[in-house]
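Structure data (mmCIF, C-alpha atoms) from entry27.cif:
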```cif
data_my_file
#
loop_
_atom_site.label_atom_id
_atom_site.label_comp_id
_atom_site.auth_asym_id
_atom_site.auth_seq_id
_atom_site.Cartn_x
_atom_site.Cartn_y
_atom_site.Cartn_z
CA MET A 226 -42.65 -65.57 226.12
CA ASP A 227 -45.05 -66.86 228.72
CA GLU A 228 -46.18 -64.89 231.76
CA ILE A 229 -43.96 -66.81 234.20
CA GLU A 230 -40.85 -65.98 232.17
CA LEU A 231 -41.98 -62.35 231.91
CA GLU A 232 -42.45 -62.20 235.69
CA LYS A 233 -38.93 -63.57 236.24
CA LEU A 234 -37.57 -61.01 233.79
CA ALA A 235 -39.51 -58.22 235.51
CA THR A 236 -37.99 -59.25 238.85
CA ALA A 237 -34.46 -59.42 237.45
CA TYR A 238 -34.85 -56.08 235.66
CA ALA A 239 -37.05 -54.25 238.15
CA GLY A 240 -37.89 -50.72 237.11
CA GLN A 241 -37.03 -51.37 233.46
CA GLU A 242 -40.49 -51.73 231.97
CA ASP A 243 -39.15 -51.26 228.43
CA VAL A 244 -37.26 -54.57 228.71
CA ILE A 245 -40.50 -56.36 229.53
CA GLN A 246 -42.32 -54.54 226.74
CA VAL A 247 -39.72 -55.65 224.18
CA TYR A 248 -40.26 -59.29 225.07
CA ARG A 249 -44.02 -59.00 225.57
CA ASP A 250 -44.56 -57.30 222.20
CA TRP A 251 -41.86 -58.84 220.02
CA ASP A 252 -40.66 -62.16 221.45
CA ASP A 253 -42.91 -64.23 219.21
CA THR A 254 -41.52 -62.60 216.05
CA VAL A 255 -38.39 -63.26 214.02
CA TYR A 256 -37.83 -59.51 213.85
CA LEU A 257 -36.49 -59.27 217.39
CA GLN A 258 -34.05 -62.11 216.80
CA GLU A 259 -32.94 -60.57 213.50
CA LEU A 260 -32.39 -57.22 215.19
CA PHE A 261 -30.33 -58.93 217.91
CA SER A 262 -28.14 -60.40 215.16
CA ALA A 263 -27.78 -57.03 213.45
CA LEU A 264 -26.86 -55.36 216.76
CA GLU A 265 -24.29 -58.05 217.53
CA ARG A 266 -22.69 -57.57 214.11
CA TYR A 267 -22.70 -53.80 214.52
CA GLU A 268 -21.40 -53.67 218.12
CA PRO A 269 -20.95 -56.95 220.00
CA GLU A 270 -21.22 -55.22 223.39
CA TRP A 271 -24.31 -53.14 222.54
CA ASN A 272 -26.24 -54.28 225.62
CA LYS A 273 -23.54 -53.35 228.12
CA GLU A 274 -23.68 -50.08 229.98
CA LYS A 275 -20.64 -48.71 228.16
CA GLU A 276 -22.69 -48.82 224.93
CA LEU A 277 -26.53 -48.67 224.85
CA GLY A 278 -26.93 -50.48 228.16
CA SER A 279 -30.00 -49.38 230.06
CA TRP A 280 -31.26 -47.52 227.00
CA ALA A 281 -31.11 -50.60 224.73
CA ALA A 282 -34.76 -51.55 225.20
CA GLU A 283 -35.94 -48.09 224.17
CA PHE A 284 -33.65 -48.24 221.13
CA ILE A 285 -34.98 -51.67 220.12
CA LEU A 286 -38.60 -50.61 220.54
CA ASP A 287 -37.98 -47.47 218.51
CA ILE A 288 -36.61 -49.47 215.58
CA LEU A 289 -39.13 -52.31 215.69
CA GLN A 290 -42.18 -50.10 216.16
CA GLU A 291 -41.17 -47.68 213.41
CA GLY A 292 -41.02 -50.41 210.81
CA GLU A 293 -43.86 -52.49 212.22
CA SER A 294 -46.06 -52.10 209.14
CA GLU A 295 -43.16 -53.02 206.80
CA TRP A 296 -41.46 -56.01 208.44
CA GLU A 297 -43.99 -58.62 207.32
CA ASP A 298 -43.81 -57.55 203.67
CA MET A 299 -40.00 -57.73 203.58
CA THR A 300 -37.81 -60.73 203.03
CA LYS A 301 -35.26 -61.64 205.68
CA GLU A 302 -32.53 -60.15 203.49
CA GLU A 303 -34.46 -56.89 203.08
CA ARG A 304 -35.03 -56.67 206.83
CA THR A 305 -31.36 -57.35 207.52
CA LYS A 306 -30.38 -54.57 205.14
CA ARG A 307 -32.93 -52.21 206.70
CA PHE A 308 -31.77 -53.03 210.24
CA ASP A 309 -28.18 -52.35 209.19
CA GLU A 310 -29.21 -49.00 207.67
CA LEU A 311 -31.10 -48.00 210.82
CA LEU A 312 -28.14 -48.93 213.00
CA ASP A 313 -25.82 -46.86 210.82
CA GLU A 314 -28.23 -43.91 211.08
CA ARG A 315 -29.15 -44.07 214.77
CA TYR A 316 -26.86 -46.16 216.92
CA GLU A 317 -24.13 -43.60 217.56
CA ASP A 318 -26.53 -40.76 218.38
CA PHE A 319 -28.45 -42.97 220.79
CA ARG A 320 -25.26 -44.28 222.37
CA SER A 321 -23.93 -40.74 222.76
CA GLY A 322 -27.12 -39.64 224.50
CA HIS A 323 -26.94 -42.61 226.83
CA GLN A 324 -23.27 -41.95 227.62
CA PHE A 325 -23.99 -38.27 228.33
CA ALA A 326 -26.66 -39.27 230.87
CA ARG A 327 -24.35 -41.92 232.28
CA ILE A 328 -21.53 -39.42 232.75
CA ASN A 329 -23.90 -37.17 234.67
CA ASN A 330 -24.80 -40.10 236.95
CA ILE A 331 -21.13 -40.94 237.44
CA ASN A 332 -20.46 -37.31 238.30
CA LEU A 333 -23.10 -37.51 241.02
CA CYS A 334 -21.37 -40.61 242.42
CA LEU A 335 -18.07 -38.77 242.47
CA GLN A 336 -19.64 -35.86 244.32
CA GLU A 337 -20.67 -38.38 246.96
CA GLY A 338 -17.03 -39.42 247.32
CA GLU A 339 -17.10 -42.68 245.38
CA ASP A 340 -13.99 -43.88 243.59
CA LEU A 341 -14.13 -43.28 239.80
CA ASP A 342 -12.27 -46.49 238.90
CA ALA A 343 -14.59 -48.54 241.09
CA VAL A 344 -17.71 -46.93 239.61
CA LEU A 345 -16.52 -47.51 236.05
CA ALA A 346 -15.38 -51.06 236.75
CA GLU A 347 -18.78 -51.89 238.20
CA SER A 348 -20.88 -50.22 235.54
CA ASP A 349 -19.03 -50.48 232.20
CA GLU A 350 -19.38 -54.23 231.76
CA LYS A 351 -22.81 -54.54 233.36
CA ILE A 352 -25.33 -56.08 231.00
CA ARG A 353 -28.41 -53.92 231.11
CA PHE A 354 -30.47 -55.66 228.46
CA PRO A 355 -30.87 -59.44 228.51
CA VAL A 356 -30.63 -61.11 225.11
CA ILE A 357 -32.88 -64.13 225.10
CA ARG A 358 -32.24 -66.10 221.95
CA LYS A 359 -34.96 -68.12 220.31
CA ASP A 360 -34.54 -70.54 217.46
CA LYS A 361 -36.56 -68.36 215.08
CA LEU A 362 -34.04 -67.42 212.40
#
```
Once you've parsed the file, please lay out its structure as structure tokens.
Amino acid sequence: MDEIELEKLATAYAGQEDVIQVYRDWDDTVYLQELFSALERYEPEWNKEKELGSWAAEFILDILQEGESEWEDMTKEERTKRFDELLDERYEDFRSGHQFARINNINLCLQEGEDLDAVLAESDEKIRFPVIRKDKL
């Protein structure tokens, strides 16, 4: 991803440096695109706030960085299998942690007198991690 695209992304996702890091570090690899595919198979709404949402970038970086020394030596099929294993092992714990933090934030909104249905309607479906597809598969 070139610097102009990264700047646009940084503006659109201000304060979410992990999103920029994902694309800066991994956009020129097939691994990111393969992980997107694995995530979409596992949970189609993974990047919405009701799932991993604003924590998705950290989750992606955790998986990609952990296997960084292995990815190149694996075939696409081996990587797909490994991504699926990692999602089975980690997704639900990460999602649960995100939802716990999210509930605390919602509770703060309620203490300020906001309407619960309105808060949930606004936040549940909000995409907090942009999936930029490349023709790298």
- Identify which of the residues A:Glu293, A:Glu270, A:Asp287, A:Glu337 lies closest to Tyr256 (chain A), counting all atoms listed in the file when measuring atom-to-atom distances.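 Result for the nearest residue to Tyr256 (chain A): A:Glu293.
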- Task: Enter the distance from CA of Leu231 (chain A) to CA of Ile357 (chain A), in Å, rounded to one decimal.
- Result: 11.5 Å
Using the file's own x, y and z axes, so that the box edges lie along x, y and z, what centre and edge lengths in Å (one decimal) does a box around every listed atom of region 241-244 of chain A get when 3 Å is added on each side? Give it as AutoDock Vina command-line options.
```
--center_x -38.8 --center_y -52.9 --center_z 230.9 --size_x 9.5 --size_y 9.3 --size_z 11.0
```
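On the file presented, the PyMOL selection byres ((chain A and resi 315) around 12) picks out Leu264, Tyr267, Leu277, Phe284, Ile285, Asp287, Ile288, Phe308, Asp309, Glu310, Leu311, Leu312, Asp313, Glu314, Tyr316, Glu317, Asp318, Phe319, Arg320, Ser321 and Gly322 of chain A.
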- Do you have the CA of Ala326 (chain A)-CA of Trp280 (chain A) distance handy? 10.2 Å
- Item | CA of Ala239 (chain A) to CA of Asp253 (chain A), distance in Å rounded to a single decimal | 22.2 Å
Show which residues sit within 12 Å of Leu345 (chain A), as a PDB file with C-alpha atoms, in the coordinates of the input. Count all atoms listed in the file, and ignore same-chain residues fewer than 5 positions away.
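Everything below was put into selection18.pdb:
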```
ATOM      1  CA  GLU A 274     -23.680 -50.080 229.980  1.00  0.00           C
ATOM      2  CA  LYS A 275     -20.640 -48.710 228.160  1.00  0.00           C
ATOM      3  CA  ARG A 327     -24.350 -41.920 232.280  1.00  0.00           C
ATOM      4  CA  ILE A 328     -21.530 -39.420 232.750  1.00  0.00           C
ATOM      5  CA  ASN A 330     -24.800 -40.100 236.950  1.00  0.00           C
ATOM      6  CA  ILE A 331     -21.130 -40.940 237.440  1.00  0.00           C
ATOM      7  CA  ASN A 332     -20.460 -37.310 238.300  1.00  0.00           C
ATOM      8  CA  CYS A 334     -21.370 -40.610 242.420  1.00  0.00           C
ATOM      9  CA  LEU A 335     -18.070 -38.770 242.470  1.00  0.00           C
ATOM     10  CA  GLU A 339     -17.100 -42.680 245.380  1.00  0.00           C
ATOM     11  CA  ASP A 340     -13.990 -43.880 243.590  1.00  0.00           C
ATOM     12  CA  GLU A 350     -19.380 -54.230 231.760  1.00  0.00           C
ATOM     13  CA  LYS A 351     -22.810 -54.540 233.360  1.00  0.00           C
TER      14      LYS A 351
END
```
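Listed by chain and then by number, the residues chosen by the PyMOL selection byres ((chain A and resi 242) around 12) in this file are Leu231, Glu232, Leu234, Ala235, Thr236, Ala237, Tyr238, Ala239, Gly240, Gln241, Asp243, Val244, Ile245, Gln246, Val247, Tyr248, Arg249, Asp250, Ser279, Trp280, Ala281, Ala282, Glu283, Leu286 and Phe354 of chain A.
Among the candidates A:Leu260, A:Ile352, A:Trp271, A:Arg266, the residue lying nearest to Arg307 (chain A) is A:Leu260 (atoms considered: all atoms listed in the file).
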- Name all residues at most 6 Å from Arg353 (chain A) (count all atoms listed in the file; drop same-chain ones fewer than 2 positions away) and give them as a PyMOL selection string. chain A and resi 272-273+278-279
- Quick one: of A:Leu333, A:Ala343, A:Val255, A:Met226, who's nearest to Lys301 (chain A), counting all atoms listed in the file?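 Of A:Leu333, A:Ala343, A:Val255, A:Met226, the one nearest Lys301 (chain A), counting all atoms listed in the file, is A:Val255.
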- Task: Counting only C-alpha atoms, figure out which residue out of A:Lys233, A:Glu347, A:Leu289, A:Glu276 gets nearest to Gln258 (chain A).
- Result: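 Closest residue, counting only C-alpha atoms: A:Leu289.
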